[in-house]
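Engineer: So I've got this file, data35.txt, and it contains compact mmCIF, C-alpha atoms (C1' of nucleotides):
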# COMPACT_ATOMS: atom_id res chain seq x y z
CA MET A 30 -34.66 -81.13 -72.30
CA ARG A 31 -37.55 -81.99 -70.09
CA LEU A 32 -37.63 -85.23 -68.06
CA ASP A 33 -40.85 -86.96 -67.14
CA SER A 34 -41.34 -88.95 -63.98
CA VAL A 35 -40.23 -92.17 -65.66
CA ASP A 36 -36.94 -90.65 -66.75
CA ILE A 37 -36.40 -89.43 -63.22
CA SER A 38 -37.10 -92.92 -61.87
CA ILE A 39 -34.68 -94.45 -64.35
CA LEU A 40 -31.90 -92.06 -63.41
CA THR A 41 -32.56 -92.45 -59.73
CA GLU A 42 -32.41 -96.23 -59.97
CA LEU A 43 -29.28 -96.25 -62.08
CA GLN A 44 -27.44 -93.87 -59.77
CA ASP A 45 -27.78 -96.43 -57.01
CA HIS A 46 -27.75 -99.65 -59.02
CA GLY A 47 -25.67 -99.09 -62.10
CA ARG A 48 -25.76 -102.70 -63.09
CA LEU A 49 -29.47 -103.33 -63.02
CA THR A 50 -30.50 -105.35 -66.02
CA ASN A 51 -32.66 -103.50 -68.43
CA ALA A 52 -35.44 -105.99 -67.76
CA GLU A 53 -35.31 -105.37 -64.02
CA LEU A 54 -35.10 -101.61 -64.50
CA ALA A 55 -38.09 -101.71 -66.83
CA GLU A 56 -40.10 -103.53 -64.22
CA ARG A 57 -39.14 -101.07 -61.46
CA VAL A 58 -40.13 -98.05 -63.50
CA GLY A 59 -43.21 -99.72 -65.00
CA LEU A 60 -42.25 -99.86 -68.66
CA SER A 61 -41.73 -102.62 -71.19
CA ALA A 62 -38.12 -103.64 -71.70
CA SER A 63 -37.87 -102.07 -75.11
CA ALA A 64 -39.34 -98.73 -74.10
CA CYS A 65 -37.07 -98.62 -71.09
CA HIS A 66 -34.08 -99.50 -73.20
CA ARG A 67 -34.83 -96.70 -75.61
CA ARG A 68 -35.06 -94.19 -72.81
CA VAL A 69 -31.80 -95.27 -71.24
CA LYS A 70 -30.03 -95.03 -74.59
CA ALA A 71 -31.47 -91.57 -75.12
CA LEU A 72 -30.30 -90.43 -71.69
CA GLU A 73 -26.83 -91.77 -72.42
CA GLN A 74 -26.83 -90.08 -75.81
CA ALA A 75 -27.91 -86.78 -74.33
CA GLY A 76 -25.02 -86.94 -71.91
CA VAL A 77 -27.27 -86.99 -68.86
CA ILE A 78 -25.79 -90.36 -67.96
CA ASP A 79 -22.08 -89.69 -68.15
CA ARG A 80 -20.75 -93.18 -67.52
CA TYR A 81 -21.01 -96.32 -65.44
CA VAL A 82 -18.39 -97.30 -62.91
CA ALA A 83 -17.65 -99.96 -60.34
CA ILE A 84 -16.85 -98.43 -56.97
CA LEU A 85 -14.11 -100.35 -55.21
CA SER A 86 -13.88 -100.43 -51.46
CA GLU A 87 -11.31 -97.91 -50.24
CA LYS A 88 -10.87 -100.02 -47.17
CA ALA A 89 -10.22 -103.16 -49.18
CA LEU A 90 -7.66 -101.36 -51.31
CA GLY A 91 -5.92 -100.01 -48.22
CA ARG A 92 -6.68 -96.39 -48.95
CA GLY A 93 -8.51 -95.41 -45.80
CA ILE A 94 -7.27 -91.89 -45.13
CA THR A 95 -8.42 -88.75 -46.91
CA VAL A 96 -6.32 -85.60 -46.66
CA TYR A 97 -7.27 -82.23 -48.11
CA VAL A 98 -4.37 -80.09 -49.18
CA GLN A 99 -4.49 -76.39 -49.95
CA VAL A 100 -1.83 -75.57 -52.49
CA THR A 101 -0.36 -72.14 -53.02
CA LEU A 102 1.83 -71.58 -56.06
CA ASP A 103 4.73 -69.19 -56.55
CA ASN A 104 2.59 -67.01 -58.78
CA GLN A 105 -0.52 -67.07 -60.95
CA LYS A 106 1.13 -66.88 -64.34
CA ARG A 107 -0.71 -68.99 -66.82
CA GLU A 108 2.31 -71.26 -67.44
CA THR A 109 2.68 -71.87 -63.73
CA LEU A 110 -0.95 -72.92 -63.40
CA VAL A 111 -0.85 -75.14 -66.47
CA ALA A 112 2.36 -76.84 -65.39
CA PHE A 113 0.96 -77.56 -61.95
CA GLU A 114 -2.33 -78.84 -63.31
CA GLU A 115 -0.70 -81.20 -65.73
CA ALA A 116 1.62 -82.56 -63.09
CA VAL A 117 -0.95 -82.99 -60.34
CA GLU A 118 -3.17 -85.07 -62.59
CA THR A 119 -0.46 -87.70 -62.88
CA VAL A 120 -0.36 -88.31 -59.13
CA PRO A 121 -2.51 -91.38 -58.46
CA GLU A 122 -3.07 -90.49 -54.82
CA VAL A 123 -4.75 -87.24 -55.84
CA MET A 124 -8.39 -87.99 -56.47
CA GLU A 125 -9.64 -84.49 -57.17
CA CYS A 126 -8.25 -81.03 -57.80
CA TYR A 127 -10.02 -77.67 -57.89
CA LEU A 128 -8.85 -74.20 -58.79
CA MET A 129 -10.03 -72.07 -55.88
CA SER A 130 -10.97 -68.54 -55.09
CA GLY A 131 -9.63 -67.16 -51.83
CA ASP A 132 -6.37 -67.79 -50.05
CA ALA A 133 -4.97 -70.88 -51.67
CA ASP A 134 -4.73 -71.48 -55.40
CA TYR A 135 -5.79 -75.13 -55.46
CA LEU A 136 -7.53 -77.62 -53.25
CA VAL A 137 -6.67 -81.27 -53.76
CA ARG A 138 -8.13 -84.36 -52.18
CA VAL A 139 -5.57 -87.05 -51.50
CA LEU A 140 -6.31 -90.66 -50.63
CA VAL A 141 -3.60 -92.63 -48.83
CA ARG A 142 -3.16 -95.73 -46.73
CA ASP A 143 -2.24 -94.01 -43.46
CA ALA A 144 -0.42 -91.04 -41.98
CA ASN A 145 2.99 -92.49 -42.85
CA ASP A 146 1.93 -92.94 -46.41
CA TYR A 147 0.78 -89.32 -46.48
CA GLU A 148 4.15 -88.23 -45.20
CA ARG A 149 5.72 -89.95 -48.18
CA VAL A 150 3.28 -88.42 -50.66
CA HIS A 151 3.71 -84.98 -49.16
CA ARG A 152 7.48 -85.12 -49.16
CA GLU A 153 8.22 -87.02 -52.31
CA VAL A 154 5.38 -86.03 -54.57
CA LEU A 155 3.30 -82.99 -53.68
CA SER A 156 6.11 -80.71 -52.57
CA GLY A 157 7.95 -81.54 -55.77
CA LEU A 158 5.15 -80.49 -58.11
CA PRO A 159 6.06 -77.55 -60.35
CA GLY A 160 5.34 -74.09 -58.96
CA VAL A 161 4.37 -75.23 -55.47
CA ALA A 162 5.20 -72.65 -52.81
CA ARG A 163 3.14 -73.83 -49.84
CA LEU A 164 1.10 -76.87 -48.85
CA VAL A 165 -1.43 -76.80 -46.03
CA SER A 166 -2.66 -80.28 -45.16
CA SER A 167 -5.93 -80.95 -43.36
CA PHE A 168 -6.42 -84.50 -42.15
CA THR A 169 -9.82 -86.09 -41.99
CA ILE A 170 -10.53 -88.09 -38.87
CA ARG A 171 -13.57 -89.88 -40.20
CA ARG A 172 -15.82 -89.75 -43.21
CA VAL A 173 -19.31 -88.97 -41.96
CA PHE A 174 -20.86 -89.80 -45.30
CA SER A 175 -20.32 -89.56 -49.00
CA ARG A 176 -22.89 -89.64 -51.79
CA THR A 177 -22.50 -90.34 -55.45
CA THR A 178 -26.18 -89.72 -55.96
CA MET A 179 -27.73 -86.43 -56.97
CA PRO A 180 -31.41 -85.53 -56.93
CA VAL A 181 -32.70 -85.52 -60.49
CA PRO A 182 -34.43 -82.30 -61.59
CA ASP A 183 -37.18 -82.35 -64.19
CA GLU A 184 -35.20 -80.27 -66.64
CA VAL A 185 -31.68 -81.03 -67.81
CA VAL A 186 -29.14 -79.37 -70.06
CA VAL A 187 -28.38 -81.46 -73.10
CA LYS A 188 -25.34 -81.62 -75.36
CA GLY A 189 -25.90 -79.41 -78.36
CA ASP A 190 -28.74 -77.28 -77.12
CA MET B 267 -6.17 -111.68 -50.09
CA ARG B 268 -3.75 -111.64 -52.94
CA LEU B 269 -4.74 -110.45 -56.41
CA ASP B 270 -3.09 -111.70 -59.55
CA SER B 271 -2.67 -109.66 -62.68
CA VAL B 272 -5.98 -110.85 -64.10
CA ASP B 273 -7.87 -109.68 -61.01
CA ILE B 274 -6.14 -106.34 -61.30
CA SER B 275 -7.16 -106.08 -64.96
CA ILE B 276 -10.73 -106.94 -64.12
CA LEU B 277 -10.93 -104.30 -61.39
CA THR B 278 -9.24 -101.70 -63.54
CA GLU B 279 -11.65 -102.30 -66.40
CA LEU B 280 -14.72 -102.26 -64.20
CA GLN B 281 -13.69 -99.04 -62.49
CA ASP B 282 -13.83 -97.31 -65.85
CA HIS B 283 -16.54 -99.34 -67.56
CA GLY B 284 -18.91 -100.58 -64.91
CA ARG B 285 -21.39 -101.88 -67.40
CA LEU B 286 -19.12 -104.03 -69.50
CA THR B 287 -20.78 -107.31 -70.30
CA ASN B 288 -19.12 -110.30 -68.76
CA ALA B 289 -18.36 -111.58 -72.25
CA GLU B 290 -16.59 -108.38 -73.26
CA LEU B 291 -14.74 -108.18 -69.95
CA ALA B 292 -13.59 -111.78 -70.34
CA GLU B 293 -12.21 -111.00 -73.76
CA ARG B 294 -10.37 -107.90 -72.54
CA VAL B 295 -8.67 -109.73 -69.69
CA GLY B 296 -8.04 -112.89 -71.70
CA LEU B 297 -10.24 -115.36 -69.88
CA SER B 298 -13.21 -117.48 -70.81
CA ALA B 299 -16.59 -116.06 -69.90
CA SER B 300 -17.17 -118.57 -67.14
CA ALA B 301 -13.78 -118.10 -65.49
CA CYS B 302 -14.15 -114.35 -65.66
CA HIS B 303 -17.64 -114.50 -64.21
CA ARG B 304 -16.37 -116.55 -61.28
CA ARG B 305 -13.65 -114.01 -60.56
CA VAL B 306 -16.00 -111.06 -60.66
CA LYS B 307 -18.44 -112.78 -58.30
CA ALA B 308 -15.59 -113.56 -55.91
CA LEU B 309 -14.42 -109.95 -55.95
CA GLU B 310 -17.95 -108.75 -55.25
CA GLN B 311 -18.32 -111.32 -52.48
CA ALA B 312 -15.05 -110.29 -50.89
CA GLY B 313 -16.22 -106.68 -50.81
CA VAL B 314 -13.45 -105.47 -53.08
CA ILE B 315 -16.09 -104.31 -55.52
CA ASP B 316 -18.40 -102.28 -53.35
CA ARG B 317 -21.11 -101.41 -55.85
CA TYR B 318 -21.91 -100.25 -59.35
CA VAL B 319 -23.29 -96.81 -60.12
CA ALA B 320 -24.25 -94.62 -63.03
CA ILE B 321 -22.54 -91.24 -62.87
CA LEU B 322 -24.80 -88.46 -64.07
CA SER B 323 -23.42 -85.32 -65.62
CA GLU B 324 -23.30 -82.51 -63.07
CA LYS B 325 -23.51 -80.06 -65.90
CA ALA B 326 -26.60 -81.70 -67.35
CA LEU B 327 -28.28 -81.68 -63.96
CA GLY B 328 -27.46 -78.01 -63.47
CA ARG B 329 -25.17 -78.56 -60.51
CA GLY B 330 -22.04 -76.96 -61.86
CA ILE B 331 -20.60 -75.25 -58.78
CA THR B 332 -18.72 -76.96 -55.98
CA VAL B 333 -18.27 -75.14 -52.69
CA TYR B 334 -16.25 -76.43 -49.76
CA VAL B 335 -17.49 -75.34 -46.38
CA GLN B 336 -15.59 -75.55 -43.13
CA VAL B 337 -18.01 -75.94 -40.28
CA THR B 338 -17.27 -75.07 -36.69
CA LEU B 339 -19.75 -76.18 -34.05
CA ASP B 340 -20.60 -74.57 -30.73
CA ASN B 341 -18.77 -77.33 -28.88
CA GLN B 342 -17.50 -80.88 -29.31
CA LYS B 343 -19.96 -82.64 -27.02
CA ARG B 344 -20.93 -85.96 -28.42
CA GLU B 345 -24.61 -85.01 -28.72
CA THR B 346 -23.68 -81.88 -30.65
CA LEU B 347 -21.62 -83.86 -33.13
CA VAL B 348 -24.23 -86.54 -33.57
CA ALA B 349 -27.03 -84.05 -34.07
CA PHE B 350 -25.05 -82.18 -36.70
CA GLU B 351 -24.04 -85.34 -38.51
CA GLU B 352 -27.56 -86.65 -38.70
CA ALA B 353 -28.88 -83.35 -39.96
CA VAL B 354 -26.19 -82.69 -42.55
CA GLU B 355 -26.77 -86.06 -44.18
CA THR B 356 -30.31 -85.05 -45.05
CA VAL B 357 -29.18 -82.06 -47.10
CA PRO B 358 -29.18 -83.15 -50.73
CA GLU B 359 -26.74 -80.45 -51.82
CA VAL B 360 -24.12 -81.83 -49.44
CA MET B 361 -22.26 -84.56 -51.27
CA GLU B 362 -19.66 -85.39 -48.68
CA CYS B 363 -18.88 -84.64 -45.06
CA TYR B 364 -15.72 -85.32 -43.05
CA LEU B 365 -14.91 -84.91 -39.40
CA MET B 366 -11.65 -82.98 -39.43
CA SER B 367 -8.59 -82.44 -37.33
CA GLY B 368 -7.39 -78.87 -37.05
CA ASP B 369 -9.30 -75.60 -36.97
CA ALA B 370 -12.75 -76.51 -38.18
CA ASP B 371 -14.80 -79.44 -36.96
CA TYR B 372 -16.21 -80.59 -40.30
CA LEU B 373 -15.52 -80.13 -43.98
CA VAL B 374 -18.45 -80.52 -46.33
CA ARG B 375 -18.56 -80.48 -50.09
CA VAL B 376 -21.64 -78.78 -51.48
CA LEU B 377 -22.86 -78.98 -55.06
CA VAL B 378 -25.13 -76.20 -56.31
CA ARG B 379 -26.35 -74.64 -59.52
CA ASP B 380 -24.66 -71.27 -59.14
CA ALA B 381 -23.61 -68.65 -56.63
CA ASN B 382 -27.20 -67.55 -56.03
CA ASP B 383 -28.20 -71.08 -55.31
CA TYR B 384 -25.34 -71.34 -52.84
CA GLU B 385 -26.53 -68.21 -51.11
CA ARG B 386 -29.86 -69.93 -50.58
CA VAL B 387 -28.29 -73.13 -49.29
CA HIS B 388 -25.98 -71.24 -47.00
CA ARG B 389 -28.70 -69.06 -45.54
CA GLU B 390 -31.63 -71.42 -45.43
CA VAL B 391 -30.00 -74.75 -44.84
CA LEU B 392 -26.41 -74.87 -43.63
CA SER B 393 -26.59 -72.05 -41.11
CA GLY B 394 -29.68 -73.66 -39.64
CA LEU B 395 -28.08 -77.04 -38.96
CA PRO B 396 -27.94 -77.92 -35.26
CA GLY B 397 -24.86 -76.79 -33.38
CA VAL B 398 -23.40 -74.68 -36.19
CA ALA B 399 -21.39 -71.74 -34.89
CA ARG B 400 -19.38 -70.69 -37.98
CA LEU B 401 -19.31 -71.47 -41.68
CA VAL B 402 -16.33 -70.67 -43.87
CA SER B 403 -17.13 -71.14 -47.55
CA SER B 404 -14.48 -71.68 -50.21
CA PHE B 405 -15.69 -71.44 -53.79
CA THR B 406 -14.17 -73.48 -56.53
CA ILE B 407 -13.54 -71.63 -59.78
CA ARG B 408 -13.00 -74.71 -61.89
CA ARG B 409 -12.58 -78.41 -61.43
CA VAL B 410 -9.17 -79.34 -62.78
CA PHE B 411 -9.95 -83.04 -62.66
CA SER B 412 -11.71 -85.68 -60.66
CA ARG B 413 -11.12 -89.42 -60.58
CA THR B 414 -13.29 -92.23 -59.42
CA THR B 415 -10.57 -94.69 -60.24
CA MET B 416 -7.99 -95.97 -57.82
CA PRO B 417 -4.86 -97.91 -58.68
CA VAL B 418 -5.39 -101.54 -57.72
CA PRO B 419 -2.73 -103.00 -55.42
CA ASP B 420 -1.83 -106.68 -55.52
CA GLU B 421 -3.02 -107.29 -52.00
CA VAL B 422 -6.42 -106.34 -50.61
CA VAL B 423 -8.16 -106.53 -47.26
CA VAL B 424 -11.14 -108.83 -47.35
CA LYS B 425 -14.27 -108.96 -45.25
CA GLY B 426 -13.84 -111.42 -42.41
CA ASP B 427 -10.07 -111.66 -42.38
C1' DC C 82 -43.81 -93.04 -77.62
C1' DC C 83 -45.65 -97.48 -76.67
C1' DT C 84 -45.99 -102.88 -77.11
C1' DG C 85 -44.80 -107.35 -78.67
C1' DA C 86 -42.18 -110.58 -81.20
C1' DA C 87 -37.93 -112.16 -83.25
C1' DA C 88 -32.97 -112.47 -83.76
C1' DT C 89 -28.82 -111.83 -81.45
C1' DT C 90 -26.01 -111.77 -77.53
C1' DG C 91 -24.93 -112.56 -72.78
C1' DT C 92 -25.26 -115.26 -68.36
C1' DT C 93 -24.47 -118.87 -65.51
C1' DG C 94 -24.70 -123.66 -64.05
C1' DT C 95 -22.47 -128.29 -64.74
C1' DC C 96 -19.01 -131.14 -66.03
C1' DC C 97 -14.46 -132.12 -67.51
C1' DT C 98 -9.46 -131.05 -67.69
C1' DA D 143 -8.01 -123.14 -60.72
C1' DG D 144 -9.74 -122.64 -66.15
C1' DG D 145 -12.41 -124.08 -70.34
C1' DA D 146 -16.45 -125.93 -73.05
C1' DC D 147 -20.94 -126.42 -73.59
C1' DA D 148 -25.80 -125.89 -72.96
C1' DA D 149 -30.06 -123.98 -71.14
C1' DC D 150 -31.79 -120.01 -69.96
C1' DA D 151 -32.21 -114.94 -69.78
C1' DA D 152 -31.48 -110.42 -71.42
C1' DT D 153 -30.63 -107.20 -75.08
C1' DT D 154 -31.66 -104.95 -79.10
C1' DT D 155 -34.05 -104.17 -83.36
C1' DC D 156 -38.08 -103.65 -85.88
C1' DA D 157 -43.00 -103.81 -87.45
C1' DG D 158 -47.24 -101.95 -86.33
C1' DG D 159 -50.60 -99.18 -83.39
As structure tokens - that is how I would like this structure written.

Structural biologist:
Amino acid sequence: MRLDSVDISILTELQDHGRLTNAELAERVGLSASACHRRVKALEQAGVIDRYVAILSEKALGRGITVYVQVTLDNQKRETLVAFEEAVETVPEVMECYLMSGDADYLVRVLVRDANDYERVHREVLSGLPGVARLVSSFTIRRVFSRTTMPVPDEVVVKGD
Amino acid sequence: MRLDSVDISILTELQDHGRLTNAELAERVGLSASACHRRVKALEQAGVIDRYVAILSEKALGRGITVYVQVTLDNQKRETLVAFEEAVETVPEVMECYLMSGDADYLVRVLVRDANDYERVHREVLSGLPGVARLVSSFTIRRVFSRTTMPVPDEVVVKGD
DNA sequence: CCTGAAATTGTTGTCCT
DNA sequence: AGGACAACAATTTCAGG
């Protein structure tokens, strides 16, 4: 599916301002409200816009510390991987989990209040997950930046194509 | 600032459905539209809700591969750090960057189309950033899961408190 | 694909409890 | 605090170019 410059503007605006009114969005991209609305619906339908979310302040919620943890399992049997994956997803402090190439089997991003809180999560939760053999924790000192925004290319892959 | 169960419901709903209408949100949390609207405004004001965004599909945009890169700089002089930080933020493929404790100085998350595209970014962009001495790339094979949603505690830290 | 108009729905202030 | 109501605004559909 090919995107024209108006689609790209729409997506760029919505990535930063997910709650723009359709009327305001239409004005910013130079379209009538109805035309703009149709485009947005089409982009949602096509799966280019996945969803809309409110981002809460990590600081306000008392979740200021990010820790990356490399997880090595006992083995790479399929059941071991599946059991770990199902269990790790239920841990609310784990924000993200990737199956990795290289040394460790998984990389998980953990968000906690402080170092003490991480100690608890490490001891009581992560080390108890099924199949876990080794955990290597890397503490972040400071977030330099974080983006939720991607550049929008002029061609996208659409559901059912 | 203390949150009651209605505030928690509001924040939980908005984290998953950032574009709910106020009317629909009010119904879900069991409040009148005007009361709900007041609460949402207060939560925005207090900085608990940071912002609203549309999440685009990485797959649709052709950015399917995540690579984590550990960056070691020539030294830890302040100017070296600052120069690197300013430069890395301008790289659109870099979605996130943390100053780290431990072996490497920084950890960056890079989003690219495929392995070839990463080769380009590695060679033409990352290795050219100021102060970079070593890059250790870890490829993800598959994303197990990713959350944007945090559990909402009943007490939050408010701007100007 | 667009615009413009019409019907529906949502927003948001004010006042009252 | 929350609710009801009312004026205004936005959304959404549809006819017609």

Engineer: Return as number ranges by chain the residues belonging to chain D that are within 10 Å of chain B, counting all atoms listed in the file.

Structural biologist: D: 143-146

Engineer: Could you work out which residues of chain B fall inside 6 Å of chain A? Count all atoms listed in the file, and format the result as a PyMOL selection string.

Structural biologist: chain B and resi 280-285+314-323+326-327+361-367+405-413+422-423

Engineer: Is there a way to get, as an mmCIF file with C-alpha atoms (C1' of nucleotides), in the frame of the given file, all residues within 8 Å of the point (-22.1, -117.8, -66.3) in file coordinates, counting all atoms listed in the file?

Structural biologist:
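What landed in result.cif:
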data_model
loop_
_atom_site.group_PDB
_atom_site.id
_atom_site.type_symbol
_atom_site.label_atom_id
_atom_site.label_comp_id
_atom_site.auth_asym_id
_atom_site.auth_seq_id
_atom_site.Cartn_x
_atom_site.Cartn_y
_atom_site.Cartn_z
ATOM 1 C CA ALA B 299 -16.590 -116.060 -69.900
ATOM 2 C CA SER B 300 -17.170 -118.570 -67.140
ATOM 3 C CA HIS B 303 -17.640 -114.500 -64.210
ATOM 4 C CA ARG B 304 -16.370 -116.550 -61.280
ATOM 5 C "C1'" DT C 92 -25.260 -115.260 -68.360
ATOM 6 C "C1'" DT C 93 -24.470 -118.870 -65.510
ATOM 7 C "C1'" DG C 94 -24.700 -123.660 -64.050
#

Engineer: Just the number, please: distance in Å from CA of Thr356 in chain B to CA of Val376 in chain B, one decimal.

Structural biologist: 12.5 Å

Engineer: May I ask for the distance between CA of Thr109 in chain A and CA of Gly160 in chain A, given in Å to one decimal place?

Structural biologist: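 Interatomic distance, CA of Thr109 in chain A to CA of Gly160 in chain A: 5.9 Å.
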
Engineer: Pick out the closest residue to chain C from this set: A:Arg68, A:Leu102, A:Arg31, A:Ala116. Count only C-alpha atoms (C1' of nucleotides).

Structural biologist: A:Arg68

Engineer: Could you tell me how far CA of Glu345 in chain B lies from CA of Arg389 in chain B, in Å and to one decimal?

Structural biologist: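 A separation of 23.5 Å between them.
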
Engineer: Counting all atoms listed in the file, a student should be able to say which residues of chain C come within 12 Å of chain A; what is the right answer, written as a PyMOL selection string?

Structural biologist: chain C and resi 82-86+91-92

Engineer: Smallest atom-to-atom distance to DT154 in chain D: which of A:Val141, A:Val120, A:Ala112, A:Ala52, using all atoms listed in the file?

Structural biologist: A:Ala52

Engineer: Taking all atoms of range 267-284 of chain B that appear in the file, build a box with edges along x, y and z, extend it by 5 Å on every side, and state its centre and edge lengths in Å to one decimal, as AutoDock Vina command-line options.

Structural biologist:
--center_x -10.8 --center_y -104.5 --center_z -58.8 --size_x 26.2 --size_y 24.4 --size_z 27.5

Engineer: Using all atoms listed in the file and a cutoff of 12 Å, can you tell me which residues are near (-27.5, -111.7, -79.7) in the file's coordinates, and write them out as a count of residues only?

Structural biologist: 11
